file model14.cif (mmCIF, C-alpha atoms and all ligand atoms)
data_my_file
loop_
_atom_site.label_atom_id
_atom_site.label_comp_id
_atom_site.auth_asym_id
_atom_site.auth_seq_id
_atom_site.Cartn_x
_atom_site.Cartn_y
_atom_site.Cartn_z
CA MET A 1 0.00 0.00 0.00
CA LEU A 2 1.12 3.52 -0.65
CA PRO A 3 1.76 5.48 2.54
CA SER A 4 -1.12 7.75 3.45
CA VAL A 5 -1.01 11.44 2.61
CA ASN A 6 0.64 12.89 5.67
CA ARG A 7 -0.38 16.24 7.03
CA ARG A 8 2.90 17.96 6.26
CA ASN A 9 2.82 16.92 2.64
CA PHE A 10 -0.86 17.63 2.33
CA LEU A 11 -0.38 21.18 3.63
CA LYS A 12 2.42 21.75 1.17
CA THR A 13 0.27 20.45 -1.67
CA SER A 14 -2.60 22.67 -0.55
CA ALA A 15 -0.26 25.65 -0.50
CA ILE A 16 0.66 25.00 -4.11
CA THR A 17 -3.01 24.83 -5.04
CA ILE A 18 -3.81 28.06 -3.23
CA SER A 19 -0.88 29.89 -4.75
CA SER A 20 -2.03 28.73 -8.17
CA LEU A 21 -5.29 30.62 -7.66
CA GLN A 22 -3.69 34.02 -7.26
CA PRO A 23 -4.50 36.39 -10.12
CA THR A 24 -1.74 36.36 -12.68
CA LEU A 25 -2.90 39.41 -14.62
CA MET A 26 -1.90 37.69 -17.82
CA LYS A 27 -4.10 38.19 -20.82
CA ALA A 28 -6.16 35.21 -21.94
CA LYS A 29 -4.94 33.62 -25.13
CA ASN A 30 -8.41 32.85 -26.41
CA PRO A 31 -9.67 35.89 -28.33
CA LYS A 32 -13.27 34.60 -28.41
CA ILE A 33 -14.00 35.30 -24.73
CA THR A 34 -17.16 37.33 -24.33
CA VAL A 35 -19.77 37.42 -21.61
CA ALA A 36 -23.36 36.34 -22.06
CA GLN A 37 -26.02 38.72 -20.80
CA ASN A 38 -28.38 36.22 -19.20
CA PRO A 39 -26.59 33.58 -17.17
CA SER A 40 -28.76 30.62 -16.26
CA ASN A 41 -27.81 30.77 -12.57
CA GLN A 42 -29.84 27.82 -11.43
CA LYS A 43 -28.70 25.59 -8.62
CA SER A 44 -28.22 21.85 -8.85
CA ARG A 45 -31.26 19.64 -8.66
CA LEU A 46 -29.94 16.19 -9.43
CA LYS A 47 -32.88 13.87 -9.93
CA THR A 48 -33.46 11.31 -7.23
CA GLY A 49 -35.72 8.26 -7.43
CA SER A 50 -35.60 7.80 -11.20
CA SER A 51 -34.33 9.33 -14.41
CA GLY A 52 -33.81 8.60 -18.09
CA GLY A 53 -30.83 10.37 -19.63
CA ILE A 54 -28.71 10.40 -22.77
CA PHE A 55 -25.19 11.48 -23.74
CA ILE A 56 -25.34 14.21 -26.30
CA HIS A 57 -22.95 16.66 -27.96
CA PRO A 58 -24.21 20.24 -28.10
CA TRP A 59 -24.10 20.31 -31.92
CA ASP A 60 -26.53 17.37 -31.98
CA ILE A 61 -29.00 19.64 -30.23
CA THR A 62 -28.39 22.92 -32.04
CA ASP A 63 -27.98 21.49 -35.57
CA GLU A 64 -31.52 20.06 -35.32
CA GLY A 65 -32.85 23.08 -33.48
CA ILE A 66 -33.11 22.85 -29.70
CA ASP A 67 -36.91 22.55 -29.63
CA ASN A 68 -37.01 19.91 -32.37
CA CYS A 69 -34.32 17.85 -30.68
CA TYR A 70 -35.90 18.11 -27.24
CA ASP A 71 -39.35 17.31 -28.61
CA PHE A 72 -37.92 14.11 -30.06
CA LEU A 73 -36.10 13.21 -26.83
CA GLY A 74 -39.25 13.82 -24.79
CA ASP A 75 -41.94 12.45 -27.08
CA HIS A 76 -40.17 9.52 -28.77
CA CYS A 77 -37.55 8.57 -26.19
CA GLY A 78 -39.36 9.51 -22.97
CA LEU A 79 -36.17 10.96 -21.48
CA ASN A 80 -35.81 13.65 -18.81
CA GLU A 81 -32.07 14.14 -18.31
CA ILE A 82 -29.42 15.58 -20.63
CA ARG A 83 -25.80 14.51 -20.29
CA ALA A 84 -24.29 17.23 -22.41
CA ALA A 85 -20.63 17.30 -23.37
CA ALA A 86 -19.17 20.52 -21.97
CA ILE A 87 -15.58 19.82 -23.06
CA TYR A 88 -14.73 16.92 -25.35
CA HIS A 89 -11.57 15.46 -26.87
CA ALA A 90 -10.58 15.40 -30.54
CA CYS A 91 -12.74 13.06 -32.60
CA THR A 92 -14.22 12.36 -35.99
CA PHE A 93 -17.96 11.79 -35.66
CA LEU A 94 -20.36 10.04 -38.01
CA LEU A 95 -23.78 11.57 -37.34
CA PRO A 96 -26.36 9.56 -39.31
CA HIS A 97 -29.40 11.77 -38.63
CA ASN A 98 -27.80 15.19 -38.40
CA PRO A 99 -29.56 17.59 -40.82
CA LYS A 100 -26.51 19.85 -41.30
CA ARG A 101 -23.48 17.58 -41.54
CA MET A 102 -23.21 13.84 -41.28
CA VAL A 103 -19.48 13.93 -40.64
CA ARG A 104 -17.93 16.28 -38.10
CA TRP A 105 -14.30 16.76 -37.21
CA ASP A 106 -13.55 18.38 -33.90
CA GLU A 107 -10.06 19.03 -32.61
CA GLY A 108 -11.10 18.95 -28.97
CA SER A 109 -12.94 21.93 -27.57
CA ALA A 110 -15.22 23.47 -24.97
CA PHE A 111 -18.83 24.19 -25.78
CA PHE A 112 -19.33 27.16 -23.50
CA ILE A 113 -17.74 30.60 -23.34
CA PRO A 114 -15.82 31.21 -20.10
CA GLN A 115 -17.54 33.99 -18.17
CA HIS A 116 -17.45 33.10 -14.49
CA PRO A 117 -15.49 35.52 -12.24
CA ARG A 118 -13.24 32.61 -11.36
CA TRP A 119 -11.59 32.88 -14.79
CA ARG A 120 -9.99 36.11 -13.60
CA GLU A 121 -7.80 33.87 -11.45
CA THR A 122 -6.63 31.67 -14.31
CA ARG A 123 -3.93 32.13 -16.91
CA ILE A 124 -5.24 29.50 -19.32
CA ARG A 125 -8.76 29.20 -20.67
CA PRO A 126 -10.64 26.58 -22.66
CA VAL A 127 -10.42 26.57 -26.44
CA VAL A 128 -14.01 27.19 -27.53
CA GLY A 129 -15.44 24.93 -30.23
CA THR A 130 -16.54 26.07 -33.68
CA CYS A 131 -20.15 25.06 -32.99
CA VAL A 132 -20.42 27.80 -30.34
CA ASP A 133 -21.78 30.60 -32.49
CA THR A 134 -23.28 32.97 -29.89
CA PRO A 135 -22.38 34.04 -26.33
CA GLY A 136 -25.56 32.37 -25.05
CA TYR A 137 -24.98 29.07 -26.84
CA MET A 138 -24.86 26.76 -23.80
CA HIS A 139 -27.35 28.92 -21.89
CA ARG A 140 -30.06 28.20 -24.44
CA ILE A 141 -29.33 24.48 -24.35
CA VAL A 142 -29.58 24.46 -20.54
CA ASP A 143 -32.51 26.85 -20.17
CA LYS A 144 -34.73 25.04 -22.65
CA ALA A 145 -34.02 21.73 -20.89
CA ARG A 146 -34.84 23.29 -17.52
CA LYS A 147 -38.15 24.60 -18.88
CA ARG A 148 -39.08 20.97 -19.40
CA ASN A 149 -37.89 20.16 -15.87
CA TRP A 150 -35.07 17.98 -17.25
CA GLY A 151 -31.85 17.21 -15.46
CA MET A 152 -28.56 18.62 -16.76
CA ILE A 153 -25.33 16.72 -16.17
CA PHE A 154 -22.15 17.94 -17.86
CA PHE A 155 -19.85 15.37 -19.43
CA THR A 156 -16.39 16.92 -19.19
CA VAL A 157 -13.04 15.72 -20.52
CA PHE A 158 -10.33 17.62 -18.66
CA HIS A 159 -6.72 16.85 -19.55
CA PHE A 160 -6.83 14.92 -22.84
CA ASN A 161 -7.21 17.86 -25.19
CA HIS A 162 -5.20 18.45 -28.35
CA SER A 163 -6.38 22.06 -28.74
CA MET A 164 -5.34 23.01 -25.24
CA ALA A 165 -2.02 21.23 -25.70
CA ARG A 166 -1.40 23.31 -28.82
CA ALA A 167 -2.53 26.59 -27.20
CA TYR A 168 -0.63 26.01 -23.95
CA PRO A 169 2.19 23.52 -24.64
CA GLU A 170 3.97 24.61 -21.47
CA THR A 171 1.18 22.99 -19.39
CA CYS A 172 1.56 19.51 -20.92
CA MET A 173 3.16 16.45 -19.41
CA VAL A 174 6.89 15.93 -20.11
CA ASP A 175 8.32 12.41 -20.25
CA VAL A 176 11.58 11.22 -18.74
CA MET A 177 13.39 11.86 -22.03
CA GLY A 178 12.28 15.50 -21.90
CA GLU A 179 9.71 15.16 -24.70
CA ARG A 180 6.61 17.25 -24.18
CA HIS A 181 3.28 15.48 -24.60
CA GLY A 182 1.16 16.63 -27.53
CA SER A 183 -2.30 16.04 -26.14
CA TYR A 184 -2.25 15.66 -22.36
CA LEU A 185 -2.14 18.44 -19.77
CA CYS A 186 -0.39 17.69 -16.48
CA PRO A 187 -2.57 17.62 -13.34
CA ALA A 188 0.37 18.94 -11.28
CA ASN A 189 0.57 22.16 -13.28
CA PRO A 190 -0.95 25.05 -11.26
CA ASP A 191 -2.46 26.63 -14.38
CA VAL A 192 -4.11 23.37 -15.35
CA ARG A 193 -5.50 22.94 -11.84
CA SER A 194 -6.89 26.48 -11.79
CA HIS A 195 -8.45 25.85 -15.21
CA ASP A 196 -10.05 22.59 -14.03
CA LEU A 197 -11.59 24.23 -10.98
CA ALA A 198 -12.86 27.20 -13.00
CA VAL A 199 -14.49 24.78 -15.48
CA VAL A 200 -16.28 23.00 -12.64
CA GLU A 201 -17.34 26.25 -10.97
CA GLU A 202 -18.61 27.57 -14.32
CA LEU A 203 -20.68 24.48 -15.04
CA MET A 204 -22.08 24.24 -11.51
CA ASP A 205 -22.66 27.96 -10.91
CA THR A 206 -23.26 29.75 -14.22
CA TYR A 207 -25.17 26.83 -15.75
CA GLY A 208 -26.60 25.32 -12.55
CA GLY A 209 -25.41 21.83 -13.48
CA ASP A 210 -26.72 18.84 -11.55
CA GLY A 211 -23.35 17.17 -11.70
CA ILE A 212 -20.10 16.58 -13.52
CA ARG A 213 -19.38 13.34 -15.31
CA TYR A 214 -15.61 13.56 -15.51
CA GLU A 215 -13.04 11.94 -17.71
CA HIS A 216 -9.22 12.37 -17.82
CA LEU A 217 -8.91 14.37 -14.62
CA GLY A 218 -5.64 12.67 -13.64
CA TYR A 219 -2.40 11.75 -15.47
CA GLY A 220 -2.17 10.38 -18.99
CA GLY A 221 0.92 9.19 -20.79
CA LEU A 222 2.57 8.38 -24.08
CA ASN A 223 1.12 4.92 -24.28
CA TRP A 224 -2.36 5.83 -23.24
CA TRP A 225 -3.46 8.92 -25.06
CA SER A 226 -1.55 10.55 -27.83
CA PHE A 227 -2.26 11.47 -31.44
CA THR A 228 -4.99 9.29 -32.85
CA LEU A 229 -2.76 6.95 -34.84
CA ASN A 230 0.48 5.93 -33.15
CA LYS A 231 3.59 4.58 -34.78
CA ILE A 232 4.64 2.35 -31.94
CA GLU A 233 5.17 -0.80 -33.98
CA VAL A 234 6.48 -2.87 -31.08
CA PRO A 235 5.04 -1.71 -27.78
CA PRO A 236 7.63 -1.69 -24.98
CA SER A 237 7.41 -4.14 -22.09
CA PRO A 238 4.71 -3.28 -19.51
CA ARG A 239 7.27 -1.92 -17.02
CA ASP A 240 9.04 0.21 -19.62
CA LYS A 241 5.67 1.50 -20.83
CA PHE A 242 4.85 2.47 -17.30
CA LEU A 243 8.12 4.36 -16.92
CA LEU A 244 7.62 6.11 -20.28
CA ASP A 245 4.26 7.35 -19.04
CA LEU A 246 5.67 9.10 -15.98
CA CYS A 247 5.63 12.88 -16.08
CA PHE A 248 8.70 14.90 -15.15
CA CYS A 249 7.43 18.38 -15.98
CA ALA A 250 8.61 21.27 -13.84
CA SER A 251 5.45 21.11 -11.70
CA CYS A 252 5.83 17.38 -11.01
CA CYS A 253 9.52 17.87 -10.17
CA HIS A 254 8.63 20.77 -7.88
CA ARG A 255 6.03 18.70 -6.04
CA ALA A 256 8.49 15.83 -5.70
CA LEU A 257 11.14 18.16 -4.24
CA MET A 258 8.55 19.43 -1.75
CA GLN A 259 8.17 15.82 -0.62
CA ASN A 260 11.94 15.49 -0.21
CA ILE A 261 12.28 13.20 -3.23
CA ASP A 262 15.59 13.41 -5.07
CA VAL A 263 13.70 13.69 -8.34
CA TYR A 264 16.66 14.59 -10.54
CA SER A 265 18.67 11.49 -9.70
CA PHE A 266 15.51 9.36 -10.00
CA ARG A 267 14.82 10.84 -13.41
CA ARG A 268 18.40 10.18 -14.53
CA ASN A 269 18.13 6.57 -13.36
CA VAL A 270 14.86 6.00 -15.24
CA LYS A 271 16.26 7.59 -18.38
CA ASP A 272 19.45 5.50 -18.20
CA HIS A 273 17.36 2.38 -17.74
CA LEU A 274 15.20 3.13 -20.79
CA TYR A 275 18.19 4.02 -22.97
CA HIS A 276 19.62 0.65 -22.04
CA SER A 277 16.38 -1.33 -22.33
CA LEU A 278 14.36 0.08 -25.27
CA PRO A 279 16.89 -0.67 -28.05
CA LYS A 280 17.05 -4.35 -27.03
CA LEU A 281 15.14 -7.05 -28.89
CA PRO A 282 11.86 -7.99 -27.15
CA ALA A 283 13.23 -11.46 -26.26
CA GLU A 284 15.70 -9.75 -23.91
CA TRP A 285 13.13 -7.56 -22.16
CA ASP A 286 12.05 -7.76 -18.53
CA LYS A 287 8.49 -9.01 -19.03
CA GLY A 288 7.51 -8.72 -15.36
CA LYS A 289 4.19 -7.26 -14.29
CA VAL A 290 3.61 -3.71 -13.16
CA ASP A 291 2.49 -4.45 -9.63
CA GLU A 292 2.94 -3.00 -6.19
CA GLU A 293 5.87 -5.23 -5.33
CA TRP A 294 7.85 -4.09 -8.37
CA CYS A 295 6.83 -0.48 -7.89
CA GLN A 296 7.94 -0.50 -4.24
CA ASN A 297 11.35 -1.96 -5.01
CA ALA A 298 12.25 -0.46 -8.40
CA PHE A 299 15.00 2.17 -8.41
CA GLY A 300 15.74 1.59 -4.75
CA GLY A 301 12.21 2.58 -3.67
CA LYS A 302 12.32 5.90 -5.49
CA LEU A 303 9.56 4.92 -7.94
CA TRP A 304 7.22 4.29 -5.02
CA GLU A 305 8.02 7.69 -3.50
CA TYR A 306 7.33 9.29 -6.87
CA MET A 307 4.00 7.48 -7.11
CA GLU A 308 3.11 8.93 -3.70
CA MET A 309 3.70 12.41 -5.08
CA ARG A 310 1.37 11.62 -7.99
CA PHE A 311 -1.18 10.15 -5.60
CA ASN A 312 -1.21 13.38 -3.57
CA THR A 313 -1.33 15.49 -6.72
CA VAL A 314 -4.35 13.76 -8.20
CA THR A 315 -6.21 13.21 -4.92
CA SER A 316 -5.94 16.87 -3.94
CA LEU A 317 -7.18 17.96 -7.38
CA PHE A 318 -10.15 15.58 -7.26
CA TRP A 319 -10.89 16.77 -3.75
CA SER A 320 -10.95 20.43 -4.83
CA VAL A 321 -13.36 19.48 -7.60
CA GLN A 322 -15.52 17.50 -5.17
CA GLU A 323 -15.69 20.49 -2.81
CA ILE A 324 -17.03 22.75 -5.55
CA VAL A 325 -19.61 20.20 -6.64
CA ASN A 326 -20.66 19.69 -3.00
CA ARG A 327 -21.06 23.44 -2.53
CA PHE A 328 -23.73 23.41 -5.25
CA GLY A 329 -25.35 20.21 -4.02
CA GLY A 330 -24.49 18.31 -7.21
CA GLY A 331 -22.96 14.94 -7.99
CA LEU A 332 -19.44 14.10 -9.13
CA MET A 333 -19.69 11.09 -11.39
CA PRO A 334 -16.71 8.96 -12.37
CA PHE A 335 -16.26 7.54 -15.84
CA ARG A 336 -15.97 3.96 -14.65
CA VAL A 337 -18.08 2.83 -11.73
CA PRO A 338 -18.48 1.25 -9.27
CA TYR A 339 -15.19 -0.63 -9.17
CA GLU A 340 -13.05 2.47 -9.05
CA LEU A 341 -15.03 3.78 -6.17
CA LYS A 342 -15.08 0.86 -3.84
CA LYS A 343 -14.36 1.76 -0.28
CA ASN A 344 -10.60 1.55 -0.59
CA ARG A 345 -7.85 3.96 -1.45
CA PHE A 346 -6.92 2.72 -4.88
CA GLY A 347 -8.79 2.41 -8.09
CA GLN A 348 -8.40 0.08 -11.00
CA SER A 349 -5.66 2.05 -12.59
CA PHE A 350 -2.17 1.78 -11.23
CA MET A 351 -1.12 4.96 -13.01
CA ASN A 352 -3.92 7.08 -11.67
CA LYS A 353 -4.24 6.12 -8.05
CA ILE A 354 -6.32 8.41 -5.96
CA ASP A 355 -7.76 8.12 -2.49
CA TYR A 356 -11.22 6.97 -3.50
CA SER A 357 -12.29 6.51 0.12
CA LYS A 358 -12.36 10.31 0.44
CA PHE A 359 -15.02 10.54 -2.25
CA TYR A 360 -17.11 7.55 -1.25
CA PRO A 361 -19.31 9.46 1.26
CA TYR A 362 -20.31 11.94 -1.47
CA LEU A 363 -21.47 9.49 -4.13
CA LYS A 364 -24.90 10.43 -5.43
CA ARG A 365 -25.22 7.79 -8.13
CA VAL A 366 -23.27 4.58 -8.60
CA GLY A 367 -23.04 2.90 -11.99
CA VAL A 368 -23.79 -0.81 -12.22
CA ASN A 369 -23.35 -3.04 -15.23
CA PRO A 370 -24.50 -6.64 -15.86
CA LEU A 371 -21.62 -9.13 -15.84
CA GLY A 372 -21.64 -12.79 -16.87
CA LYS A 373 -22.35 -14.83 -19.98
CA THR A 374 -25.89 -16.01 -19.29
CA LYS A 375 -28.93 -13.86 -18.61
CA ASP A 376 -29.33 -15.47 -15.18
CA ALA A 377 -25.76 -14.62 -14.28
CA GLN A 378 -26.20 -11.06 -15.50
CA GLN A 379 -29.38 -10.63 -13.49
CA ARG A 380 -27.68 -12.00 -10.37
CA SER A 381 -24.69 -9.72 -10.85
CA LEU A 382 -26.96 -6.70 -11.14
CA VAL A 383 -28.85 -7.58 -7.97
CA LYS A 384 -25.57 -8.06 -6.13
CA GLN A 385 -24.13 -4.76 -7.35
CA VAL A 386 -27.32 -2.90 -6.44
CA SER A 387 -27.07 -4.35 -2.92
CA GLN A 388 -23.53 -2.90 -2.64
CA VAL A 389 -24.58 0.65 -3.47
CA PRO A 390 -24.24 2.75 -0.31
CA GLU A 391 -27.53 3.84 1.22
CA TRP A 392 -26.93 7.54 0.49
CA SER A 393 -26.51 6.81 -3.21
CA GLU A 394 -28.67 5.34 -6.01
CA PRO A 395 -27.76 2.82 -8.74
CA GLU A 396 -27.73 3.82 -12.40
CA THR A 397 -26.93 1.88 -15.56
CA MET A 398 -26.02 2.67 -19.16
CA HIS A 399 -27.51 1.09 -22.28
CA ILE A 400 -25.76 1.35 -25.65
CA GLN A 401 -28.74 1.47 -28.00
CA HIS A 402 -26.67 1.74 -31.18
CA GLN A 403 -25.13 -1.69 -30.56
CA TYR A 404 -28.44 -3.39 -31.33
CA ASN A 405 -30.03 -4.30 -34.65
CA SER A 406 -33.48 -4.79 -33.18
CA LYS A 407 -35.34 -3.45 -30.20
CA GLU A 408 -35.88 -6.72 -28.32
CA PRO A 409 -32.43 -7.18 -26.76
CA LEU A 410 -32.30 -3.49 -25.73
CA LEU A 411 -35.72 -3.67 -24.09
CA GLU A 412 -34.78 -6.94 -22.42
CA LYS A 413 -31.70 -5.32 -20.88
CA ILE A 414 -33.70 -2.33 -19.70
CA LYS A 415 -36.26 -4.67 -18.11
CA MET A 416 -33.57 -6.78 -16.47
CA SER A 417 -32.05 -3.65 -14.93
CA ARG A 418 -35.44 -2.45 -13.72
CA ASN A 419 -36.15 -5.84 -12.15
CA ALA A 420 -32.85 -5.57 -10.28
CA GLY A 421 -34.09 -2.33 -8.73
CA ILE A 422 -32.39 0.22 -11.00
CA ARG A 423 -34.44 3.35 -11.68
CA HIS A 424 -31.79 5.57 -13.23
CA HIS A 425 -31.14 4.63 -16.86
CA PHE A 426 -29.07 6.49 -19.40
CA PHE A 427 -28.23 5.92 -23.02
CA HIS A 428 -25.18 6.31 -25.23
CA TYR A 429 -24.58 9.09 -27.76
CA TYR A 430 -27.67 10.53 -29.40
CA GLY A 431 -25.99 11.86 -32.54
CA GLN A 432 -24.27 8.60 -33.37
CA SER A 433 -27.42 6.48 -33.12
CA ARG A 434 -29.97 5.80 -35.82
CA ARG A 435 -33.46 7.27 -35.45
CA GLU A 436 -35.01 3.81 -35.09
CA GLN A 437 -32.61 2.95 -32.27
CA LEU A 438 -33.52 6.16 -30.46
CA LYS A 439 -37.23 5.37 -30.79
CA TRP A 440 -36.67 1.96 -29.16
CA ILE A 441 -35.54 3.80 -26.03
CA GLY A 442 -39.04 5.22 -25.64
CA GLU A 443 -40.55 1.75 -25.54
CA GLY A 444 -38.62 1.08 -22.35
CA ARG A 445 -39.61 4.31 -20.61
CA GLU A 446 -41.66 2.58 -17.90
CA ALA A 447 -38.35 1.56 -16.34
CA TRP A 448 -37.71 5.13 -15.22
CA ALA A 449 -41.27 6.46 -15.21
ZN ZN B 1 3.85 16.83 -14.71
#
call {"tool": "encode", "arguments": {"input": "model14.cif", "output": "structure tokens", "more": "lines below"}}
Ligand SMILES: [Zn+2]
result
Amino acid sequence: MLPSVNRRNFLKTSAITISSLQPTLMKAKNPKITVAQNPSNQKSRLKTGSSGGIFIHPWDITDEGIDNCYDFLGDHCGLNEIRAAAIYHACTFLLPHNPKRMVRWDEGSAFFIPQHPRWRETRIRPVVGTCVDTPGYMHRIVDKARKRNWGMIFFTVFHFNHSMARAYPETCMVDVMGERHGSYLCPANPDVRSHDLAVVEELMDTYGGDGIRYEHLGYGGLNWWSFTLNKIEVPPSPRDKFLLDLCFCASCCHRALMQNIDVYSFRRNVKDHLYHSLPKLPAEWDKGKVDEEWCQNAFGGKLWEYMEMRFNTVTSLFWSVQEIVNRFGGGLMPFRVPYELKKNRFGQSFMNKIDYSKFYPYLKRVGVNPLGKTKDAQQRSLVKQVSQVPEWSEPETMHIQHQYNSKEPLLEKIKMSRNAGIRHHFFHYYGQSRREQLKWIGEGREAWA
């Protein structure tokens, strides 16, 4: 187990966070910043009891016309919760029922214009997407949903962002070789942290979000998220991959020094190791697993100390985000649940350890997902997972309607989930589904009625 975050280190980490919030008086790089006249200013009202939601990109809504799109979602799908992308990563989208363009390229952007006073405290600001054509773009999307008494959860991708990496390369991760990452911002960087917190405050305060569904709020790495098509013909051994993913940017090094880690000699050792190891033929590689035993002993224990620094870095960032969401009474929703959020300190991912036990008491919804090959096994697994949801939280489940060629298996899965006691259902991307598939959703609406 990693040692717990001790008070001395935690105070130092907090001091870095606080100092990062001081006004820098630097001019924002994004020339498109303007302020909307009529902020939505509604407080969180996350639905309890039941809900039917869908992931949707803002252009899906505005290309059809907000009223047309919402009429369809209400009348044909029977839904009452929007999970709108607020910031999304670079992608090419095929949109089979979009009236304006069936193929959309997006380089990774935000779909709202920064206007909250908190942005005065930040040096970097989101790169606003091309679909945002008026200052009130996101306001109209939110306000028209609220008029129908629908929920509004913001799906937000934080650090995996090619546009931000291009606009602010100095905030990106830097590997042990000194190469700067081209698409991943570092969670240790004070500007990145201030940006993350301003995004959350904006979505919760200006837009009155019910919650934040987050993705990529921790560290990334060369082998995880890069340009879309890599030329890594022979992937390195798992341990070398792990070492290549470590960040040694100035902010990470600074945090390590604050924890009395001799980061420069550690970095030199890792670099020497990789220069020795990577040119070898795969047959000569160390094929051992990346596990706690290796991590504790590698480089004379220095790797483990460095992982503690990362653990503190990510946990304190998540905690600052959680505090904002709590202040507005909303929910912070992880990308993968519930396994990441079991009542222990570590999640699934060895690279992105955080102290999940800190966040457990604030769970509002917990995702469950049928496991097993037979229907009986899946039903049993759902019932078991529902029984593990803490009493202050409610289970929810996702259905991927565009995976199905007919409505029966989708409706069967919805019914199975309902029978297991799940009343919060949500569906995968609206714009990437066919009309027929979206209409099938409405036939299952009793499950969340
Ligand atoms: Zn870093």
call {"tool": "residues_around", "arguments": {"input": "model14.cif", "residues": "stretch 234-246 of chain A", "least_positions_apart": "2", "cutoff": "9 Å", "atoms": "only C-alpha atoms", "output": "short mmCIF file (atom, residue, chain, number, x, y, z; two decimals) with C-alpha atoms, in the coordinates of the input"}}
result
data_model
loop_
_atom_site.label_atom_id
_atom_site.label_comp_id
_atom_site.auth_asym_id
_atom_site.auth_seq_id
_atom_site.Cartn_x
_atom_site.Cartn_y
_atom_site.Cartn_z
CA MET A 173 3.16 16.45 -19.41
CA VAL A 174 6.89 15.93 -20.11
CA ASP A 175 8.32 12.41 -20.25
CA VAL A 176 11.58 11.22 -18.74
CA MET A 177 13.39 11.86 -22.03
CA TYR A 219 -2.40 11.75 -15.47
CA GLY A 220 -2.17 10.38 -18.99
CA GLY A 221 0.92 9.19 -20.79
CA LEU A 222 2.57 8.38 -24.08
CA ASN A 223 1.12 4.92 -24.28
CA TRP A 224 -2.36 5.83 -23.24
CA LYS A 231 3.59 4.58 -34.78
CA ILE A 232 4.64 2.35 -31.94
CA PHE A 248 8.70 14.90 -15.15
CA VAL A 270 14.86 6.00 -15.24
CA LYS A 271 16.26 7.59 -18.38
CA HIS A 273 17.36 2.38 -17.74
CA LEU A 274 15.20 3.13 -20.79
CA SER A 277 16.38 -1.33 -22.33
CA LEU A 278 14.36 0.08 -25.27
CA PRO A 282 11.86 -7.99 -27.15
CA TRP A 285 13.13 -7.56 -22.16
CA ASP A 286 12.05 -7.76 -18.53
CA LYS A 287 8.49 -9.01 -19.03
CA GLY A 288 7.51 -8.72 -15.36
CA LYS A 289 4.19 -7.26 -14.29
CA VAL A 290 3.61 -3.71 -13.16
CA TRP A 294 7.85 -4.09 -8.37
CA MET A 351 -1.12 4.96 -13.01
#
call {"tool": "residues_near_ligand", "arguments": {"input": "model14.cif", "ligand": "ligand ZN 1 (chain B)", "cutoff": "6 Å", "atoms": "all atoms listed in the file", "output": "PyMOL selection string"}}
result
chain A and resi 173+186+188+247-249+251-252
call {"tool": "atom_distance", "arguments": {"input": "model14.cif", "atom1": "atom CA of A:Gly331", "atom2": "atom CA of A:Arg380"}}
result
27.5 Å
call {"tool": "atom_distance", "arguments": {"input": "model14.cif", "atom1": "atom CA of A:His181", "atom2": "atom CA of A:Pro169"}}
result
8.1 Å
call {"tool": "atom_distance", "arguments": {"input": "model14.cif", "atom1": "atom CA of A:Gln296", "atom2": "atom CA of A:Glu179"}}
result
25.8 Å
call {"tool": "closest_residue", "arguments": {"input": "model14.cif", "among": "A:Arg140, A:Lys413, A:Lys353, A:Arg435", "to": "A:Asp67", "atoms": "all atoms listed in the file"}}
result
A:Arg140
call {"tool": "closest_residue", "arguments": {"input": "model14.cif", "among": "A:Leu382, A:Ala110, A:Ala198, A:Ile422", "to": "A:Ile87", "atoms": "only C-alpha atoms"}}
result
A:Ala110
call {"tool": "residues_near_point", "arguments": {"input": "model14.cif", "point": "(-20.7, -7.3, -5.0)", "cutoff": "12 Å", "atoms": "only C-alpha atoms", "output": "list in words"}}
result
Pro338, Tyr339, Lys342, Val368, Asn369, Pro370, Leu371, Arg380, Ser381, Leu382, Val383, Lys384, Gln385, Val386, Ser387, Gln388, Val389 and Pro390 of chain A
call {"tool": "residues_near_point", "arguments": {"input": "model14.cif", "point": "(-11.1, 18.9, -17.9)", "cutoff": "8 Å", "atoms": "all atoms listed in the file", "output": "PyMOL selection string"}}
result
chain A and resi 87+156-160+195-196+199+214-217
call {"tool": "write_last_selection", "arguments": {"input": "model14.cif", "atoms": "C-alpha atoms", "output": "PDB file, in the coordinates of the input"}}
result
ATOM      1  CA  ILE A  87     -15.580  19.820 -23.060  1.00  0.00           C
ATOM      2  CA  THR A 156     -16.390  16.920 -19.190  1.00  0.00           C
ATOM      3  CA  VAL A 157     -13.040  15.720 -20.520  1.00  0.00           C
ATOM      4  CA  PHE A 158     -10.330  17.620 -18.660  1.00  0.00           C
ATOM      5  CA  HIS A 159      -6.720  16.850 -19.550  1.00  0.00           C
ATOM      6  CA  PHE A 160      -6.830  14.920 -22.840  1.00  0.00           C
ATOM      7  CA  HIS A 195      -8.450  25.850 -15.210  1.00  0.00           C
ATOM      8  CA  ASP A 196     -10.050  22.590 -14.030  1.00  0.00           C
ATOM      9  CA  VAL A 199     -14.490  24.780 -15.480  1.00  0.00           C
ATOM     10  CA  TYR A 214     -15.610  13.560 -15.510  1.00  0.00           C
ATOM     11  CA  GLU A 215     -13.040  11.940 -17.710  1.00  0.00           C
ATOM     12  CA  HIS A 216      -9.220  12.370 -17.820  1.00  0.00           C
ATOM     13  CA  LEU A 217      -8.910  14.370 -14.620  1.00  0.00           C
TER      14      LEU A 217
END
call {"tool": "residues_around", "arguments": {"input": "model14.cif", "residues": "A:Gly300", "least_positions_apart": "5", "cutoff": "10 Å", "atoms": "all atoms listed in the file", "output": "number ranges by chain"}}
result
A: 266, 295, 305
